[in-house]
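Undergrad: Dropping the structure in here first, questions after.
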Amino acid sequence: MFKGVDFWPHRRQFDLLRLRRPLVILTAFLLFVVMSSLFSKGLNFGIDFKGGSLLEVQSKSGPVDIADLRGKLSSLGLGDVQIQGLDRPEDALIRVEQQAASADLSVEQAQQAAADKVRAALGDNIEIRRVEVVGPGVSGELKQAGMIAVCLASIGILLYVWFRFEWQFGVAAIIATVHDISLTLGAFSLLNLDFGLNEVAALLTLAGYSINDTVVIFDRIRENLRRYKKMPLAQLVNLSVNETLSRTIITSLSTFLAVFAIYVFGGEVIHNFAFAMLFGIVAGTWSTIVIAAPFLVWVGVKRDWSGTDTAVAGRGAAAAAKA
Amino acid sequence: MHFSRWKISVIAAVCLAGVLTALPNFLSKETLAWVPDFLPKKQLNLGLDLRGGAHLLLQMDTKELKKDWLDNLRGEVRKILRDAKIRYTGLGQTADAVRVKLVDPAQTNEALSQLRKLAQPVGGGMIAGADNDIAVSESGDGFITVAPTEAGIHQRSTNAAAAAIEVVRRRIDAIGTTEPDIVRQGTDRILVQVPGFDDTKKLKDLIGQTARLSFHDVHQQMSAEEARQTRVPPGYVIYPDQDDPNHEYLVQETPVVYGEDLTDAQPGFDSRTNEPIITFRFNQRAARIFGEYSSRHVGRPFAIVLDNGVINGKRDVKVLSAPVIREPILGGTGQISGSFTVDQANNLAIQLRSGALPATLSVIEERTVGPSLGADSIEAGILAGIIGSIAVSGFIIFAYGLFGLFAILAVAINLCLIVGLMSTIGSTLTLPGIAGLVLTVGMAVDSNVLIYERIREEMRNGKQPISAIDSGFQRALGTIVDSNLTTMIAGLVMFWLGAGPVRGFAVTLCLGILATMFTAFTVTRLMVSLWIASQKTRKIPAPL
């Protein structure tokens with residue numbers, strides 16, 4: 001029977017905590033780079049959050065002539081019109097900035113009029129495959145809902161981890177999640193990728209994925225805390241990370257493979273979504289090992305985990321007796 | 001690792017149900033017709049991004065609604081005061097209220113009590129202690145203010161949105177597309193989704209106009225020009241002609257007959273001029289009123305007025321035509337000519353048939369996907385799914401051998417459960433939803449990885465295979481629950497706050513997590529237990 005290849009060098013112990021300093025410095029450096037981009041350049045919001053129009057077009061014969069399109073559309077007087085070629089030479093994306101309200105047109109009506117003008121200007125050889133027009137009211141609400149979603153998900157995760165473990169674990173998990181989200185946002189800013197509704201969904205998913213990874217290691221730390229009552233915390237955390245490292249790598253690899261397939265073959269609409277996920281898988285794995293676990297060593301955790309509930313009750317009783 | 005017989009049957013039944021409910025998705029419509037009725041036949045609902053279609057978010061113009069109400073109130077105030085013989089001078093209206101100044105301040109109390117009869121309790125008097133829809137107050141300096149209340153405005157908007165949904169539905173049904181989805185969002189928004197239809201221009205033309213038709217008496221002595229030069233008589237208004245904006249009519253503000261009284265409107269052609277026209281029929285009451293009116297006004301013109309609500313920031317009210325009454329119109333039918341194009345006549349007939357919108361609807365969000373892009377997206381999604389699955393399967397079988405194959409089987413059943421469940425509850429699969437499925441493949445593998453790595457660890461610590469397997473499953477349980485539930489929190493938040501495609505993603509993610517927890521503890525475990533039972537030797541060989 002084929003038992004599979006256990007390729008992980010289980011005997012080898014990586015002393016992650018001794019490497020802690022360079023790793024944290026590296027993390028801080030990465031965060032600094034992306035955050036400075038995020039603060040100086042900001043996010044390249046897609047039309048979901050910025051308002052405006054987006055058209056995906058396809059040439060009916062031969063590759064699309066982007067220069068010709070640009071010529072046709074720039075003379076319409078619609079402000080900033082961006083035209084971007086896609087993977088297939090016959091496809092292109094057209095973005096028209098949000099239109100201003102005029103004397104007799106509201107912003108929404110001006111947007112509709114602009115989209116109609118573009119449609120009319122494209123000519124017969126171009127098929128319009130997708131049109132999205134988002135007004136300013138809607139984009140503002142979507143942005144707000146997106147931020148609320150990310151915050152609520154973080155709070156929910158914090159409370160759950162706190163409830164299942166201890167507050168230090170909850171805080172460590174949130175710090176790791178915030179790291180992952182900031183790093184991914186920063187990458188979007190640095191690479192000038194469109195950030196829209198789908199990408200918020202990707203952020204939430206990677207928060208979920210990263211926390212999943214973190215919880216697996218926390219689980220092992222808790223188990224080892226019960227088993228090795230006297231082991232120094234640093235050594236214990238290191239042991240736990242190493243014991244779960246093979247699982248971390250195999251799971252990350254398999255998820256990465258699945259998402260990579262979406263990234264390459266899934267099409268234009270979810271391209272950035274998949275990118276956020278890919279980035280998040282790497283960041284999530286990294287943050288668990290380099291941020292969440294060392295954080296526990298730094299703040300310290302409760303050492304007596306034998307029968308969790310009774311231990312708390314015992315402590316309460318002891319405190320009462322003292323008083 | 002022992003499974004009782006009934007447990008095995010339950011697990012098998014769940015898996016079978018998953019496969020059976022998922023199966024129709026892999027059959028063509030023709031094959032599906034041959035499937036006997038006792039088997040599930042429901043296919044997944046595809047989102048607009050996959051099947052193509054139009055998505056429009058419409059915003060009702062509540063300001064216009066309020067103005068219409070105030071216009072109406074002013075008329076009623078005038079009538080009440082006149083009937084009660086209370087003399088007034090200034091009767092005007094602001095953005096929020098109708099104001100009137102009484103000639104004799106001694107009549108204030110009398111006027112207040114008369115005008116308060118206009119107020120209706122919100123909720124039709126069904127709720128005790130409910131606020132009134134309008135408030136009548138005296139502002140000291142002899143002015144009386146009649147103002148809609150917050151509750152009244154809210155009630156009006158809610159009712160108007162409900163009415164607008166009906167009108168929009170009838171108009172869209174008239175194009176003959178399949179199953180449009182029209183729902184209200186908030187108090188004053190309507191979401192319209194029309195699958196398989198990407199001509200948004202036509203949709204917007206049809207939906208964007210209120211199309212309130214009415215029939216008015218034209219002033220007999222005075223022309224619009226004269227009225228402009230001197231003064232517009234009270235109760236009269238000036239409307240321009242549809243074809244020639246310079247030509248205007250002075251018509252009575254209160255119509256003889258309203259468009260609501262039309263029972264039918266059909267496009268057609270004039271038999272003499274061959275121009276597109278619209279023929280219409282009144283209901284009995286309106287036919288009688290119009291019959292009487294036309295008998296008394298033979299030889300004089302009347303105006304057919306179309307109010308299209310607020311367009312490009314201006315109220316768009318036009319006289320379609322002002323025919324001269326040649327003979328009394330008693331049959332309750334008639335025709336409107338107004339130099340229409342064929343398309344205009346078709347649209348207007350649909351709009352008149354389906355009734356007027358209570359207020360203008362403007363498009364604040366539009367997302368249209370052409371059918372070819374939808375098909376491409378499905379293709380891309382399936383391709384990504386197949387390649388992703390092959391890559392993950394290859395990797396897992398490489399890492400875990402036979403047990404890896406068990407894991408892949410479990411994931412396949414997992415996918416069937418998700419797809420089957422989604423087909424049964426009728427949730428919608430979107431492109432991000434497909435991404436969610438592929439992601440689930442990756443994450444579902446995780447629960448098996450956790451178990452298998454644990455088994456290997458236990459064996460490295462010197463345990464016998466059978467007890468290593470046993471404790472591997474036991475110990476991984478808590479971890480799997482914890483890690484999946486935290487992901488579930490993110491999924492639930494997305495479902496709660498997300499819209500459209502994001503929500504579709506959240507549904508697949510959450511169902512995927514549930515299915516993953518189920519398969520990890522039952523299906524994989526059952527397969528492993530069957531493998532143990534199948535071993536001939538007493539001593540189980542190391543499985544991993």
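The way I read the labels, and the way they are meant: chains A, B, ... in the order of the structure tokens, residue 1 as the first residue of every chain, and ligand 1 as the first ligand shown, with later ones counted on from there.
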Give me, as a VMD selection string, the contact residues of chain A against chain B at a cut-off of 6 Å, counting only C-alpha atoms.
TA: chain A and resid 2 to 5 104 to 105 108 129 to 135 153 157 204 208 212 215 to 216 251 254 to 255 258 261 to 262 265 to 267
Undergrad: What's the 7 Å shell around Asn44 in chain A, counting only C-alpha atoms, without same-chain residues fewer than 3 positions away, as a list in words?
TA: Ser189, Asn192, Leu193, Asp194 and Phe195 of chain A
Undergrad: Go ahead and save the picked residues with N, CA and C atoms, as a short mmCIF file (atom, residue, chain, number, x, y, z; two decimals), in the first residue's frame.
TA:
```
data_model
loop_
_atom_site.label_atom_id
_atom_site.label_comp_id
_atom_site.auth_asym_id
_atom_site.auth_seq_id
_atom_site.Cartn_x
_atom_site.Cartn_y
_atom_site.Cartn_z
N SER A 189 -2.19 48.60 -2.74
CA SER A 189 -1.81 49.99 -2.98
C SER A 189 -0.52 50.04 -3.79
N ASN A 192 -1.04 49.01 -7.31
CA ASN A 192 -2.06 49.78 -8.02
C ASN A 192 -3.22 48.92 -8.50
N LEU A 193 -3.56 47.89 -7.74
CA LEU A 193 -4.66 47.03 -8.18
C LEU A 193 -5.99 47.62 -7.75
N ASP A 194 -7.01 47.40 -8.56
CA ASP A 194 -8.35 47.85 -8.22
C ASP A 194 -8.83 47.19 -6.95
N PHE A 195 -9.36 48.00 -6.04
CA PHE A 195 -9.89 47.43 -4.81
C PHE A 195 -11.39 47.67 -4.76
#
```
Undergrad: With only C-alpha atoms as the basis for distance, which of B:Leu405, B:Ile418, B:Ser271, B:Val317 is at the shortest distance from Met1 in chain A?
TA: B:Leu405
Undergrad: As an MDAnalysis selection string, please: the residues near range 54-67 of chain A (cut-off 10 Å, only C-alpha atoms, same-chain neighbours under 3 positions excluded).
TA: (chainID A and resid 46:48 51 70:73 81:86 88:97 115 118:119 122 124:134 268:269) or (chainID B and resid 367:370 373)
Undergrad: If DSSP is run on the backbone, what residues of range 234-296 of chain B are strand (DSSP E or B)? A reply as a VMD selection string would be ideal.
TA: chain B and resid 236 to 241 248 to 252 257 to 258 262 to 269 276 to 282
Undergrad: With DSSP run on the backbone, what are the helix (DSSP H, G or I) residues within range 92-321 of chain A? I'd like them as a PyMOL selection string.
TA: chain A and resi 107-122+136-164+167-190+197-227+233-265+268-299+308-321
Undergrad: Counting only C-alpha atoms, what is within 7 Å of range 160-176 of chain A, bar same-chain residues fewer than 2 positions away, as a PDB file with C-alpha atoms, in the first residue's frame?
TA:
```pdb
ATOM      1  CA  SER A 154     -12.389  41.007  13.640  1.00  0.00           C
ATOM      2  CA  GLY A 156     -16.285  38.396  16.399  1.00  0.00           C
ATOM      3  CA  ILE A 157     -13.062  36.462  15.971  1.00  0.00           C
ATOM      4  CA  LEU A 158     -11.469  38.195  18.970  1.00  0.00           C
ATOM      5  CA  VAL A 178      -4.586  43.085  11.384  1.00  0.00           C
ATOM      6  CA  HIS A 179      -1.080  42.392  10.081  1.00  0.00           C
ATOM      7  CA  ASP A 180      -2.456  40.203   7.290  1.00  0.00           C
ATOM      8  CA  ILE A 211      -7.237  32.885  12.072  1.00  0.00           C
ATOM      9  CA  THR A 214      -3.480  30.694  14.192  1.00  0.00           C
ATOM     10  CA  SER A 287       1.918  36.051  10.803  1.00  0.00           C
ATOM     11  CA  THR A 288       0.936  33.012  12.837  1.00  0.00           C
ATOM     12  CA  ILE A 291       3.637  37.369  15.217  1.00  0.00           C
ATOM     13  CA  ALA A 292       0.916  35.449  17.034  1.00  0.00           C
ATOM     14  CA  PHE A 295       3.345  37.577  21.126  1.00  0.00           C
ATOM     15  CA  LEU A 296       2.143  34.950  23.597  1.00  0.00           C
ATOM     16  CA  VAL A 301      -0.157  33.236  29.552  1.00  0.00           C
TER      17      VAL A 301
END
```
Undergrad: Please list as a ChimeraX atom specification every residue within 7 Å of Gly332 in chain B, counting only C-alpha atoms and excluding residues in the same chain fewer than 4 positions away.
TA: /B:281-282,287
Undergrad: Filtering to N, CA and C atoms, could you give me those residues as a JSON list (two decimals), in the first residue's frame?
TA:
```json
[["chain", "number", "residue", "atom", "x", "y", "z"],
["B", 281, "ARG", "N", -58.74, 52.31, -23.58],
["B", 281, "ARG", "CA", -60.11, 52.12, -23.13],
["B", 281, "ARG", "C", -60.20, 52.56, -21.67],
["B", 282, "PHE", "N", -61.28, 53.30, -21.36],
["B", 282, "PHE", "CA", -61.52, 53.72, -19.97],
["B", 282, "PHE", "C", -62.29, 52.64, -19.22],
["B", 287, "ALA", "N", -65.51, 56.28, -18.33],
["B", 287, "ALA", "CA", -66.20, 56.36, -19.63],
["B", 287, "ALA", "C", -67.44, 57.23, -19.49]]
```
Undergrad: Looking at B:Ala407, B:Leu320, B:Val419, B:Val256, which one is nearest to Leu511 in chain B, with distances taken over only C-alpha atoms?
TA: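 Among B:Ala407, B:Leu320, B:Val419, B:Val256, it is B:Val419 that comes nearest to Leu511 in chain B.
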Undergrad: Mind checking which residues fall within 12 Å of Lys202 in chain B, counting only C-alpha atoms, ignoring those fewer than 2 positions away in the same chain, and posting them as an MDAnalysis selection string?
TA: (chainID A and resid 116) or (chainID B and resid 54 171:172 174:175 197:200 204:209 343:344 346:347)
Undergrad: What is the distance between CA of Ala349 in chain B and CA of Gln185 in chain B, in Å to one decimal?
TA: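 So the answer is 28.1 Å.
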Undergrad: For Thr177 in chain A, which of A:Val24, A:Ala103, A:Ala283, A:Leu19 is the closest residue, counting only C-alpha atoms?
TA: A:Ala283
Undergrad: Please report the interatomic distance between CA of Leu206 in chain A and CA of Leu142 in chain A in Å with one decimal.
TA: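 According to the coordinates, CA of Leu206 in chain A and CA of Leu142 in chain A are separated by 19.6 Å.
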Undergrad: Could you work out how far CA of Met35 in chain A lies from CA of Gly186 in chain A, giving the answer in Å with one decimal?
TA: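 Between CA of Gly186 in chain A and CA of Met35 in chain A the gap works out to 5.7 Å.
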Undergrad: Which is closer to Gly137 in chain A than all the others in B:Gly47, B:Arg189, B:Thr158, B:Trp6, using only C-alpha atoms?
TA: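 Closest residue, counting only C-alpha atoms: B:Arg189.
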